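So this one's protein02.txt, compact mmCIF, C-alpha atoms:
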```txt
# COMPACT_ATOMS: atom_id res chain seq x y z
CA MET A 1 15.36 61.57 50.87
CA SER A 2 16.43 61.06 47.29
CA SER A 3 15.43 58.01 45.27
CA ILE A 4 18.04 55.50 44.14
CA LEU A 5 17.77 52.99 41.30
CA ILE A 6 20.24 50.10 41.33
CA LYS A 7 20.35 48.53 37.87
CA LYS A 8 21.25 45.02 36.77
CA GLY A 9 23.16 43.81 39.82
CA ARG A 10 23.31 40.19 40.90
CA LEU A 11 21.04 40.32 43.94
CA ILE A 12 21.98 37.75 46.58
CA ASP A 13 19.45 37.70 49.40
CA PRO A 14 19.66 34.35 51.23
CA ALA A 15 16.84 35.23 53.64
CA ASN A 16 14.42 35.32 50.71
CA GLY A 17 16.11 32.70 48.53
CA VAL A 18 17.07 35.18 45.81
CA ASP A 19 20.11 34.89 43.55
CA ALA A 20 19.27 36.65 40.28
CA VAL A 21 19.94 39.77 38.27
CA LYS A 22 17.49 42.39 39.51
CA ASP A 23 16.79 46.11 39.64
CA ILE A 24 16.12 47.68 43.05
CA LEU A 25 14.32 50.98 43.58
CA VAL A 26 14.85 52.84 46.85
CA LYS A 27 12.50 55.61 47.97
CA ASP A 28 12.28 57.42 51.30
CA GLY A 29 14.87 55.16 52.88
CA LYS A 30 13.06 51.93 52.04
CA VAL A 31 13.03 49.35 49.29
CA ALA A 32 10.15 50.40 47.02
CA GLU A 33 10.44 47.78 44.28
CA ILE A 34 12.51 44.78 43.23
CA SER A 35 12.01 43.63 39.66
CA ASP A 36 13.71 42.36 36.52
CA ASN A 37 13.49 45.79 34.94
CA ILE A 38 12.45 49.06 36.58
CA GLU A 39 11.96 52.20 34.52
CA GLU A 40 12.05 55.11 36.94
CA ASN A 41 13.41 58.63 36.80
CA ALA A 42 15.35 58.26 40.04
CA ASP A 43 17.54 60.94 41.57
CA LYS A 44 20.51 58.58 41.49
CA VAL A 45 21.17 55.57 39.26
CA ILE A 46 23.83 52.99 40.14
CA ASP A 47 24.91 50.69 37.35
CA ALA A 48 25.58 47.42 39.17
CA THR A 49 26.22 45.33 36.07
CA GLY A 50 28.70 42.60 36.97
CA LEU A 51 28.50 43.48 40.68
CA VAL A 52 26.97 41.66 43.65
CA VAL A 53 24.14 43.43 45.48
CA MET A 54 23.44 42.21 49.02
CA PRO A 55 21.57 43.23 52.14
CA GLY A 56 23.81 45.45 54.24
CA LEU A 57 26.20 43.27 56.22
CA ILE A 58 25.66 42.71 59.95
CA ASP A 59 28.51 42.35 62.45
CA LEU A 60 27.54 40.94 65.84
CA HIS A 61 30.86 41.73 67.48
CA VAL A 62 32.68 45.07 67.42
CA HIS A 63 34.47 47.24 69.98
CA PHE A 64 34.05 50.98 69.44
CA ARG A 65 35.80 52.10 72.68
CA ASP A 66 33.37 54.99 73.10
CA PRO A 67 33.12 56.34 75.78
CA GLY A 68 36.41 56.24 77.62
CA TYR A 69 38.95 55.17 75.01
CA GLU A 70 38.25 57.57 72.17
CA ASN A 71 41.95 57.64 71.24
CA LYS A 72 41.43 54.09 69.94
CA GLU A 73 38.07 54.43 68.19
CA THR A 74 34.77 56.27 68.48
CA ILE A 75 31.26 55.43 67.41
CA ALA A 76 31.69 57.98 64.62
CA THR A 77 34.97 56.57 63.27
CA GLY A 78 34.03 52.95 63.89
CA SER A 79 30.74 53.29 62.05
CA ARG A 80 32.57 54.74 59.06
CA ALA A 81 35.03 51.87 59.07
CA ALA A 82 32.01 49.57 59.14
CA ALA A 83 30.48 51.31 56.14
CA MET A 84 33.71 50.93 54.19
CA GLY A 85 33.44 47.18 54.79
CA GLY A 86 29.82 46.98 53.63
CA PHE A 87 28.32 46.79 57.13
CA THR A 88 25.10 48.67 57.82
CA THR A 89 24.45 47.19 61.28
CA VAL A 90 27.01 46.48 63.99
CA CYS A 91 26.67 45.37 67.60
CA ALA A 92 28.98 47.22 70.00
CA MET A 93 30.38 45.40 73.02
CA PRO A 94 30.01 46.94 76.48
CA ASN A 95 33.65 47.10 77.64
CA THR A 96 33.76 50.89 77.52
CA ASN A 97 34.60 53.31 80.34
CA PRO A 98 32.21 53.59 82.06
CA VAL A 99 30.96 50.14 81.20
CA THR A 100 27.72 49.94 79.22
CA ASP A 101 25.81 48.35 82.08
CA ASN A 102 22.72 50.55 82.42
CA ALA A 103 19.98 52.24 80.41
CA ILE A 104 21.76 55.61 80.31
CA MET A 105 24.80 54.07 78.66
CA ILE A 106 22.61 52.25 76.14
CA GLU A 107 20.94 55.56 75.30
CA TYR A 108 24.36 57.20 74.96
CA ALA A 109 25.37 54.71 72.27
CA LEU A 110 22.08 55.21 70.42
CA SER A 111 22.19 59.01 70.57
CA PRO A 112 22.33 60.82 67.19
CA LYS A 113 25.07 62.96 68.76
CA ARG A 114 27.44 60.01 68.35
CA ASP A 115 27.36 60.74 64.58
CA ALA A 116 27.05 57.13 63.43
CA VAL A 117 26.56 56.58 59.71
CA VAL A 118 25.35 52.98 60.10
CA ASN A 119 23.10 51.28 62.67
CA VAL A 120 25.05 50.82 65.90
CA LEU A 121 23.26 48.49 68.33
CA PRO A 122 24.66 48.55 71.87
CA ILE A 123 25.20 45.35 73.85
CA GLY A 124 24.68 45.58 77.60
CA ALA A 125 27.05 44.11 80.16
CA ILE A 126 25.97 41.06 82.12
CA THR A 127 27.34 42.34 85.43
CA LYS A 128 27.75 45.81 86.88
CA GLY A 129 31.07 47.26 85.82
CA GLN A 130 31.88 43.86 84.29
CA LYS A 131 33.21 42.94 87.73
CA GLY A 132 31.41 39.59 87.83
CA GLU A 133 29.85 40.30 91.22
CA GLU A 134 26.29 41.57 90.66
CA LEU A 135 23.94 41.41 87.70
CA ALA A 136 23.41 44.60 85.73
CA ASP A 137 19.82 45.78 85.25
CA ILE A 138 19.13 43.67 82.20
CA GLY A 139 15.46 44.65 81.97
CA GLN A 140 16.17 48.37 81.86
CA MET A 141 18.87 47.91 79.24
CA ALA A 142 16.52 45.82 77.13
CA ALA A 143 13.85 48.53 77.36
CA ALA A 144 16.42 51.17 76.36
CA GLY A 145 17.41 49.27 73.21
CA ALA A 146 20.16 46.78 74.05
CA CYS A 147 20.32 44.07 71.40
CA ALA A 148 22.05 41.47 73.62
CA ILE A 149 24.03 41.09 76.82
CA SER A 150 27.67 40.08 77.08
CA GLU A 151 30.70 40.21 79.33
CA ASP A 152 32.98 40.20 76.30
CA GLY A 153 36.63 40.56 77.16
CA ARG A 154 36.07 38.16 80.04
CA SER A 155 33.74 35.41 81.23
CA VAL A 156 31.34 35.48 84.16
CA ASP A 157 33.34 33.37 86.60
CA ASP A 158 30.48 32.51 88.96
CA PRO A 159 28.28 29.79 87.39
CA ALA A 160 25.29 30.65 89.62
CA LEU A 161 25.48 34.30 88.53
CA MET A 162 25.73 33.25 84.87
CA LYS A 163 22.74 30.94 85.24
CA ASN A 164 20.73 33.80 86.74
CA ALA A 165 21.79 36.07 83.87
CA MET A 166 20.54 33.46 81.42
CA ARG A 167 17.16 33.38 83.17
CA TYR A 168 16.87 37.15 82.81
CA SER A 169 18.06 37.10 79.21
CA LYS A 170 15.32 34.62 78.36
CA MET A 171 12.75 36.74 80.20
CA PHE A 172 13.63 39.76 78.07
CA ASP A 173 14.31 37.75 74.90
CA LEU A 174 17.93 38.85 74.63
CA PRO A 175 20.68 36.54 73.39
CA ILE A 176 23.81 36.16 75.49
CA PHE A 177 27.00 36.79 73.50
CA ASP A 178 29.43 34.59 75.34
CA HIS A 179 33.17 35.20 75.67
CA CYS A 180 34.33 31.78 76.79
CA GLU A 181 37.56 31.93 78.75
CA GLU A 182 38.57 30.36 82.04
CA ILE A 183 41.07 33.04 82.99
CA ARG A 184 42.90 30.79 85.44
CA LEU A 185 43.82 28.56 82.49
CA ALA A 186 44.69 31.42 80.16
CA LYS A 187 47.92 32.77 81.62
CA GLY A 188 49.82 33.27 78.39
CA SER A 189 50.09 35.37 75.26
CA MET A 190 49.68 32.94 72.34
CA ASN A 191 48.47 29.44 71.60
CA ALA A 192 50.24 26.66 73.49
CA GLY A 193 52.28 24.64 71.03
CA GLU A 194 55.56 24.29 69.21
CA ARG A 195 55.61 27.87 67.96
CA ALA A 196 55.15 29.27 71.48
CA SER A 197 58.09 27.15 72.62
CA ILE A 198 60.26 28.37 69.73
CA LEU A 199 59.47 32.00 70.53
CA GLY A 200 59.83 31.50 74.26
CA LEU A 201 56.28 32.72 74.94
CA LYS A 202 53.91 31.22 77.48
CA GLY A 203 51.10 29.35 75.76
CA ILE A 204 47.34 29.29 76.25
CA GLY A 205 45.76 25.84 75.95
CA ASP A 206 42.50 24.94 74.23
CA ASP A 207 41.05 23.98 77.60
CA SER A 208 40.85 27.66 78.64
CA GLU A 209 38.09 28.13 76.06
CA GLU A 210 36.49 24.72 76.04
CA VAL A 211 35.82 24.57 79.78
CA MET A 212 33.64 27.67 79.57
CA VAL A 213 31.94 26.60 76.34
CA SER A 214 30.98 23.36 78.06
CA ARG A 215 29.76 25.06 81.23
CA ASP A 216 27.65 27.63 79.45
CA ILE A 217 26.05 25.15 77.06
CA ILE A 218 25.02 23.15 80.14
CA LEU A 219 23.56 26.30 81.69
CA ALA A 220 21.78 27.19 78.44
CA LYS A 221 20.23 23.72 78.42
CA ALA A 222 19.05 24.23 82.00
CA THR A 223 17.55 27.69 81.37
CA GLY A 224 16.52 27.68 77.71
CA ALA A 225 18.47 30.89 77.12
CA LYS A 226 19.71 31.82 73.64
CA LEU A 227 23.48 31.39 73.78
CA HIS A 228 25.80 32.74 71.10
CA ILE A 229 29.43 31.63 71.36
CA CYS A 230 31.74 34.48 70.35
CA HIS A 231 34.98 34.12 68.36
CA ILE A 232 35.11 30.32 68.54
CA SER A 233 38.65 29.08 68.00
CA THR A 234 39.21 25.42 68.91
CA GLU A 235 38.23 22.01 67.59
CA GLY A 236 36.84 21.02 70.99
CA SER A 237 34.60 24.08 71.15
CA VAL A 238 33.26 23.37 67.66
CA GLU A 239 32.39 19.80 68.67
CA GLN A 240 30.52 21.03 71.72
CA VAL A 241 28.50 23.49 69.65
CA ARG A 242 27.77 20.76 67.10
CA ASN A 243 26.51 18.46 69.85
CA ALA A 244 24.39 21.24 71.35
CA LYS A 245 22.72 21.79 67.99
CA LYS A 246 22.03 18.06 67.68
CA MET A 247 20.24 18.27 71.02
CA GLY A 248 18.11 21.13 69.66
CA LEU A 249 19.52 23.74 72.04
CA PRO A 250 19.34 27.45 71.07
CA VAL A 251 23.12 27.69 70.67
CA THR A 252 24.83 29.55 67.82
CA ALA A 253 28.45 30.41 67.11
CA GLU A 254 30.58 32.91 65.21
CA ALA A 255 34.08 32.79 63.76
CA ALA A 256 36.29 35.78 63.06
CA PRO A 257 38.20 36.01 59.75
CA HIS A 258 41.55 35.89 61.53
CA HIS A 259 40.68 32.50 63.01
CA PHE A 260 39.91 30.94 59.61
CA THR A 261 42.74 32.74 57.82
CA LEU A 262 45.72 32.58 60.21
CA CYS A 263 47.14 30.12 62.72
CA ASP A 264 49.94 30.15 65.28
CA GLU A 265 52.43 29.04 62.60
CA ASP A 266 52.03 32.51 61.06
CA ILE A 267 53.60 34.10 64.13
CA THR A 268 57.24 34.08 63.04
CA ASP A 269 58.50 36.91 65.23
CA TYR A 270 57.12 39.16 67.95
CA ASP A 271 54.74 41.25 65.84
CA SER A 272 51.97 42.09 68.31
CA ASN A 273 49.46 42.52 65.48
CA TYR A 274 49.21 38.73 65.69
CA LYS A 275 48.27 38.85 69.36
CA MET A 276 44.57 38.38 70.06
CA ASN A 277 42.17 36.70 72.45
CA PRO A 278 41.39 33.91 71.86
CA PRO A 279 44.82 33.45 70.31
CA LEU A 280 45.54 32.19 66.82
CA ARG A 281 45.27 28.45 67.27
CA SER A 282 46.86 25.46 65.51
CA ARG A 283 46.63 24.61 61.81
CA ARG A 284 44.28 21.77 62.79
CA ASP A 285 41.95 24.18 64.62
CA LEU A 286 41.95 26.52 61.61
CA GLU A 287 40.88 23.69 59.30
CA VAL A 288 38.17 22.58 61.74
CA ILE A 289 36.81 26.15 61.88
CA ARG A 290 36.66 26.23 58.08
CA GLN A 291 34.82 22.92 57.94
CA ALA A 292 32.40 24.09 60.63
CA LEU A 293 31.65 27.15 58.51
CA LYS A 294 31.02 24.82 55.59
CA ASP A 295 28.60 22.53 57.45
CA ASN A 296 26.96 25.50 59.21
CA THR A 297 27.92 24.48 62.73
CA ILE A 298 29.31 28.02 62.72
CA GLU A 299 26.62 30.09 61.06
CA VAL A 300 27.97 33.61 61.61
CA ILE A 301 31.09 35.49 60.52
CA ALA A 302 31.88 38.37 62.90
CA THR A 303 34.94 40.58 63.05
CA ASP A 304 35.68 41.12 66.76
CA HIS A 305 36.90 44.54 65.55
CA ALA A 306 39.30 45.53 68.33
CA PRO A 307 41.03 48.87 67.65
CA HIS A 308 44.05 49.93 69.70
CA HIS A 309 46.30 52.97 69.80
CA ILE A 310 49.79 52.32 68.45
CA ASP A 311 51.22 52.61 71.97
CA ASP A 312 49.12 49.62 73.08
CA LYS A 313 50.68 47.43 70.40
CA ASN A 314 54.17 48.90 69.97
CA CYS A 315 55.68 47.03 72.91
CA GLU A 316 56.74 43.54 73.99
CA PHE A 317 54.43 40.80 72.66
CA GLU A 318 53.46 39.59 76.13
CA LYS A 319 52.55 43.12 77.29
CA ALA A 320 50.71 44.19 74.12
CA ALA A 321 46.94 44.59 74.04
CA ASN A 322 44.90 41.79 72.48
CA GLY A 323 42.99 42.21 69.25
CA ILE A 324 43.00 43.49 65.69
CA ILE A 325 40.75 45.67 63.56
CA GLY A 326 38.54 43.83 61.09
CA LEU A 327 35.62 45.80 59.69
CA GLU A 328 37.37 46.98 56.53
CA THR A 329 38.91 43.61 55.68
CA SER A 330 36.20 41.10 56.68
CA PHE A 331 34.31 40.85 53.39
CA ALA A 332 37.43 40.49 51.25
CA LEU A 333 39.14 38.01 53.59
CA SER A 334 35.99 35.91 53.85
CA TYR A 335 35.50 35.89 50.09
CA THR A 336 39.15 35.13 49.39
CA GLU A 337 39.61 32.42 52.01
CA LEU A 338 36.21 30.73 51.87
CA VAL A 339 34.51 31.36 48.52
CA ASP A 340 37.37 31.84 46.10
CA ARG A 341 39.00 28.68 47.48
CA GLY A 342 35.77 26.76 46.87
CA LEU A 343 35.03 25.94 50.51
CA ILE A 344 31.58 27.56 50.65
CA SER A 345 29.32 29.28 48.13
CA LEU A 346 28.93 33.02 47.85
CA ASN A 347 25.32 32.58 48.96
CA ASP A 348 26.48 30.82 52.12
CA MET A 349 29.02 33.52 52.87
CA VAL A 350 26.46 36.29 52.41
CA ALA A 351 24.04 34.41 54.67
CA LYS A 352 26.69 34.24 57.40
CA MET A 353 27.08 38.01 57.20
CA THR A 354 23.40 39.01 56.77
CA ALA A 355 20.47 36.66 57.38
CA ASN A 356 22.12 34.47 60.00
CA PRO A 357 23.33 37.25 62.32
CA ALA A 358 19.91 38.91 61.92
CA ARG A 359 18.32 35.66 63.07
CA VAL A 360 20.57 35.56 66.14
CA LEU A 361 19.37 39.07 67.01
CA GLY A 362 15.74 38.29 66.22
CA SER A 363 15.89 41.17 63.74
CA ASP A 364 14.13 41.72 60.42
CA LYS A 365 17.32 43.19 58.98
CA GLY A 366 19.66 41.16 56.79
CA GLN A 367 17.24 40.94 53.90
CA LEU A 368 15.92 43.01 51.01
CA ARG A 369 12.20 43.02 50.35
CA VAL A 370 9.65 45.67 49.48
CA GLY A 371 9.11 47.82 52.56
CA SER A 372 12.34 46.89 54.30
CA ALA A 373 14.97 49.46 55.25
CA ALA A 374 17.25 50.23 52.32
CA ASP A 375 20.40 48.81 53.92
CA ILE A 376 22.41 47.61 50.95
CA ALA A 377 26.00 46.67 50.09
CA ILE A 378 27.37 46.37 46.56
CA ALA A 379 30.67 44.63 45.87
CA ASP A 380 32.93 43.68 42.99
CA ILE A 381 33.97 40.12 43.81
CA ASP A 382 36.47 40.03 40.94
CA ASN A 383 38.38 43.07 42.17
CA LYS A 384 41.86 42.06 43.31
CA TYR A 385 43.70 44.50 45.53
CA THR A 386 46.29 44.72 48.25
CA ILE A 387 45.17 45.70 51.75
CA ASP A 388 46.66 49.10 52.58
CA VAL A 389 46.58 49.90 56.29
CA ASN A 390 47.36 53.56 55.64
CA THR A 391 44.12 54.13 53.74
CA MET A 392 41.86 52.61 56.40
CA VAL A 393 39.15 54.78 57.92
CA SER A 394 39.40 53.29 61.41
CA LYS A 395 41.40 55.33 63.90
CA ALA A 396 43.43 52.20 64.60
CA LYS A 397 45.79 50.39 62.24
CA ASN A 398 46.47 47.21 64.24
CA THR A 399 46.11 44.41 61.70
CA PRO A 400 48.40 41.65 60.45
CA PHE A 401 46.76 41.80 57.02
CA GLY A 402 48.51 44.87 55.65
CA GLY A 403 50.08 44.03 52.28
CA ARG A 404 47.94 40.93 51.78
CA GLU A 405 46.35 40.45 48.35
CA VAL A 406 42.63 39.74 48.47
CA LYS A 407 39.59 39.57 46.20
CA GLY A 408 36.25 41.27 46.75
CA LYS A 409 35.95 45.04 47.06
CA VAL A 410 32.97 46.80 48.61
CA LEU A 411 32.09 49.69 46.31
CA TYR A 412 28.79 50.97 47.73
CA THR A 413 27.21 50.99 51.16
CA ILE A 414 23.72 52.39 51.50
CA CYS A 415 22.20 52.70 54.98
CA GLY A 416 18.58 53.73 55.38
CA GLY A 417 18.57 54.98 51.81
CA GLU A 418 21.63 57.20 52.30
CA VAL A 419 24.74 56.51 50.24
CA VAL A 420 27.58 56.31 52.76
CA VAL A 421 30.22 54.74 50.50
CA GLU A 422 30.30 55.34 46.75
CA LYS A 423 32.80 53.77 44.37
CA GLY A 424 34.85 52.66 47.34
CA LYS A 425 35.07 56.14 48.89
CA LEU A 426 33.49 57.43 52.08
CA MET A 427 30.86 60.06 51.39
CA LYS A 428 29.80 61.11 54.91
```

Produce structure tokens that represent the structure in this file.
Amino acid sequence: MSSILIKKGRLIDPANGVDAVKDILVKDGKVAEISDNIEENADKVIDATGLVVMPGLIDLHVHFRDPGYENKETIATGSRAAAMGGFTTVCAMPNTNPVTDNAIMIEYALSPKRDAVVNVLPIGAITKGQKGEELADIGQMAAAGACAISEDGRSVDDPALMKNAMRYSKMFDLPIFDHCEEIRLAKGSMNAGERASILGLKGIGDDSEEVMVSRDIILAKATGAKLHICHISTEGSVEQVRNAKKMGLPVTAEAAPHHFTLCDEDITDYDSNYKMNPPLRSRRDLEVIRQALKDNTIEVIATDHAPHHIDDKNCEFEKAANGIIGLETSFALSYTELVDRGLISLNDMVAKMTANPARVLGSDKGQLRVGSAADIAIADIDNKYTIDVNTMVSKAKNTPFGGREVKGKVLYTICGGEVVVEKGKLMK
């Protein structure tokens, strides 16, 4: 591997309490030295003057659709979209076809044949086939390299089965990534409220999420399992997580950029790029999510990257698939909406995209120290640009953010000492 010298960048590494102008030397895929001034005849020198240098970003929640839905996204294309967004580690949900519910499927996702350019960590399903009837072999998936278990896309309906899953997750030290949705209360296509009435669409109430958040926090208290609430979207859910933390329970939560950037008022017509699950909630919920990010009740920003083929979105709103892509817009949206507006500091934002998700995983990633893997992102936070869907690397283009002006451009992504993105362009 070639050596890389990053000169005079503002290094922000919340895990190690660093916010200072530093040089970083990379050798053999690892961080060899961090100092005020490094004189080294490196193979590659990156002038990071005026730029922010961070640990590679970590996304706990992506859908790569591989195997089974490769027309939407693959591990190869998804990992490249991740690199363009500054991510060097992503956690892939198990709702593939076949479902990632056994060791063989975990090994499939980890295989070098999948041509990933960043670290892709597979998440195992909680139940076989995600049918909610019988537990998957959690132990074998953990041994094969699963980073967590989840039923994302649905909840485990049976509370006894979920409690048993939590017992196993604790046994194998795996967090549960929890999609909280009582499906019998979620028979609609957007948030219940005035806008749904105006558009004549059936609404989904807050209770559909909050009932499951409540149940699973109770079960986590009973079992001691590590519970991570995915894509939190309502005021009531935030309050329950806040109370769980006050009780000292091992409960964490993530918010997706679309839930702290958009609300149901932004749905002015039947553009299905605004359809997601959980749905865009009220203006009040959006503000509560932002405040929860500020006070660290929500400690993780995750994309819920959900790519779809155009045919899955180019139809009636109620019939369209849920979800939007997010890997290539997450950093800029988070910086623009949270930091540039003065809600949180840049250090806090970087922590929510590096050190905090690493802590949820129990991983030593999300930091830069001598000897650590050279997973690095470099961004120009002063760079203003307009999001162009047509230039995105993801196979899918389903996003409501096309044409939106943002600040904060990822210029370099280095994974394991290999430059994947250079000057904003994909290199591999």

List as a Markdown table every residue of range 255-293 of chain A that is in contact with range 194-214 of chain A, defined as an atom at most 8 Å from one of its atoms (using all atoms listed in the file), together with the nearest atom pair and the distance in Å rounded to one decimal, sorted by chain and then rising number.
```
| residue | atom | partner | partner_atom | distance |
| --- | --- | --- | --- | --- |
| A:Asp264 | CA | A:Arg195 | CA | 6.7 |
| A:Glu265 | CA | A:Arg195 | CA | 6.3 |
| A:Ile267 | CA | A:Arg195 | CA | 7.6 |
| A:Asp269 | CA | A:Leu199 | CA | 7.3 |
| A:Tyr270 | CA | A:Leu199 | CA | 8.0 |
| A:Pro278 | CA | A:Glu209 | CA | 7.9 |
| A:Pro279 | CA | A:Ile204 | CA | 7.7 |
```

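Residues in contact range of Glu239 in chain A, defined as at most 12 Å between all atoms listed in the file, with sequence neighbours fewer than 6 positions away removed, read Glu210, Val213, Ser214, Ile217, Ile232, Ser233, Lys245, Lys246, Ala253, Asp285, Val288, Ile289, Gln291, Ala292, Thr297 and Ile298 of chain A.
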
Looking at A:Ile381, A:Leu135, A:Ala82, A:Ala222, which one is nearest to Leu161 in chain A, with distances taken over all atoms listed in the file? A:Leu135

Among the residues A:Asn41, A:Thr234, A:Thr252, A:Thr223, the one that comes closest to Arg167 in chain A [using only C-alpha atoms]: A:Thr223

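Taking CA of Val300 in chain A and CA of Gly416 in chain A as endpoints, the distance between them is 23.1 Å.
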
Point (21.3, 48.9, 65.3), cut-off 7 Å, counting only C-alpha atoms, residues as a list in words: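 All residues meeting the 7 Å criterion around (21.3, 48.9, 65.3) are Thr89, Val90, Cys91, Asn119, Val120 and Leu121 of chain A.
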
Okay, now the selection with C-alpha atoms, as an mmCIF file, keeping the file's coordinate frame?
```cif
data_model
loop_
_atom_site.group_PDB
_atom_site.id
_atom_site.type_symbol
_atom_site.label_atom_id
_atom_site.label_comp_id
_atom_site.auth_asym_id
_atom_site.auth_seq_id
_atom_site.Cartn_x
_atom_site.Cartn_y
_atom_site.Cartn_z
ATOM 1 C CA THR A 89 24.450 47.190 61.280
ATOM 2 C CA VAL A 90 27.010 46.480 63.990
ATOM 3 C CA CYS A 91 26.670 45.370 67.600
ATOM 4 C CA ASN A 119 23.100 51.280 62.670
ATOM 5 C CA VAL A 120 25.050 50.820 65.900
ATOM 6 C CA LEU A 121 23.260 48.490 68.330
#
```

Specify the axis-aligned box that encloses all atoms of range 372-385 of chain A listed in the file after padding of 5 Å on each side, stating its centre and edge lengths in Å to one decimal as AutoDock Vina command-line options.
```
--center_x 28.0 --center_y 45.1 --center_z 48.1 --size_x 41.4 --size_y 20.2 --size_z 24.3
```

Expressed in Å to a single decimal, how great is the separation between CA of Ala32 in chain A and CA of Gly50 in chain A?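 Between CA of Ala32 in chain A and CA of Gly50 in chain A the gap is 22.5 Å.
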
Find the spatial neighbours of Ile4 in chain A, counting all atoms listed in the file, within a cut-off of 9 Å - ignore same-chain residues fewer than 4 positions away - and output them as a VMD selection string. chain A and resid 24 to 27 42 to 46 417

Distance in Å - CA of Ala379 in chain A versus CA of Arg404 in chain A: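 Computing the Euclidean distance for CA of Ala379 in chain A and CA of Arg404 in chain A yields 18.6 Å.
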
Could you please give me, as a CSV table (one decimal) with C-alpha atoms, in the coordinates of the input, the residues of protein, DNA or RNA lying at most 7 Å from (36.5, 34.7, 44.6) in the coordinate frame of the file, considering only C-alpha atoms?
```csv
chain,number,residue,atom,x,y,z
A,335,TYR,CA,35.5,35.9,50.1
A,336,THR,CA,39.2,35.1,49.4
A,339,VAL,CA,34.5,31.4,48.5
A,340,ASP,CA,37.4,31.8,46.1
A,381,ILE,CA,34.0,40.1,43.8
A,382,ASP,CA,36.5,40.0,40.9
A,407,LYS,CA,39.6,39.6,46.2
A,408,GLY,CA,36.2,41.3,46.8
```

Which polymer residues have any atom within 8 Å of an atom of Arg369 in chain A, counting all atoms listed in the file, with same-chain residues fewer than 4 positions away left out, as a ChimeraX atom specification? /A:31,33-34

List the neighbours of range 142-150 of chain A out to 10 Å using only C-alpha atoms; skip same-chain residues closer than 5 positions along the sequence, and give me the result as JSON, numbers by chain. {"A": [60, 91, 92, 93, 94, 95, 100, 101, 102, 103, 104, 105, 106, 107, 109, 110, 120, 121, 122, 123, 124, 125, 126, 127, 130, 136, 137, 155, 156, 165, 166, 169, 172, 173, 174, 175, 176, 177, 178, 179, 226, 228, 230, 360, 361, 362, 363]}

For C-alpha atoms, I'd like the residues from the last selection saved as a compact mmCIF listing (two decimals), in the coordinates of the input.
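Written file, out-v3.txt:
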```
# COMPACT_ATOMS: atom_id res chain seq x y z
CA LEU A 60 27.54 40.94 65.84
CA CYS A 91 26.67 45.37 67.60
CA ALA A 92 28.98 47.22 70.00
CA MET A 93 30.38 45.40 73.02
CA PRO A 94 30.01 46.94 76.48
CA ASN A 95 33.65 47.10 77.64
CA THR A 100 27.72 49.94 79.22
CA ASP A 101 25.81 48.35 82.08
CA ASN A 102 22.72 50.55 82.42
CA ALA A 103 19.98 52.24 80.41
CA ILE A 104 21.76 55.61 80.31
CA MET A 105 24.80 54.07 78.66
CA ILE A 106 22.61 52.25 76.14
CA GLU A 107 20.94 55.56 75.30
CA ALA A 109 25.37 54.71 72.27
CA LEU A 110 22.08 55.21 70.42
CA VAL A 120 25.05 50.82 65.90
CA LEU A 121 23.26 48.49 68.33
CA PRO A 122 24.66 48.55 71.87
CA ILE A 123 25.20 45.35 73.85
CA GLY A 124 24.68 45.58 77.60
CA ALA A 125 27.05 44.11 80.16
CA ILE A 126 25.97 41.06 82.12
CA THR A 127 27.34 42.34 85.43
CA GLN A 130 31.88 43.86 84.29
CA ALA A 136 23.41 44.60 85.73
CA ASP A 137 19.82 45.78 85.25
CA SER A 155 33.74 35.41 81.23
CA VAL A 156 31.34 35.48 84.16
CA ALA A 165 21.79 36.07 83.87
CA MET A 166 20.54 33.46 81.42
CA SER A 169 18.06 37.10 79.21
CA PHE A 172 13.63 39.76 78.07
CA ASP A 173 14.31 37.75 74.90
CA LEU A 174 17.93 38.85 74.63
CA PRO A 175 20.68 36.54 73.39
CA ILE A 176 23.81 36.16 75.49
CA PHE A 177 27.00 36.79 73.50
CA ASP A 178 29.43 34.59 75.34
CA HIS A 179 33.17 35.20 75.67
CA LYS A 226 19.71 31.82 73.64
CA HIS A 228 25.80 32.74 71.10
CA CYS A 230 31.74 34.48 70.35
CA VAL A 360 20.57 35.56 66.14
CA LEU A 361 19.37 39.07 67.01
CA GLY A 362 15.74 38.29 66.22
CA SER A 363 15.89 41.17 63.74
```

Go through A:Ser394, A:Asp312, A:Ile378, A:Tyr274 one by one, measure the shortest atom-to-atom distance of each to Asp47 in chain A using only C-alpha atoms, and give the residue with the smallest value.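 Selected residue with least distance to Asp47 in chain A: A:Ile378.
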
Measuring atom to atom with only C-alpha atoms, identify which of A:Lys319, A:Val406, A:Tyr412, A:Val421 is nearest to Ile6 in chain A.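 Looking only at the distances to Ile6 in chain A, the closest residue turns out to be A:Tyr412.
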
Could you name the residues that touch Phe260 in chain A at 7 Å or less, counting all atoms listed in the file, but leaving out those on the same chain fewer than 4 positions away, as number ranges by chain? A: 256, 286, 289-290

Using all atoms listed in the file, which residue out of A:Gly424, A:Pro250, A:Gly29, A:Gly129 lies closest to Val370 in chain A?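 Selected residue with least distance to Val370 in chain A: A:Gly29.
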
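Of the residues under consideration (A:Ser237, A:Arg242, A:Lys163, A:Tyr168), A:Lys163 shows the shortest atom-to-atom contact distance to Ala220 in chain A when counting all atoms listed in the file.
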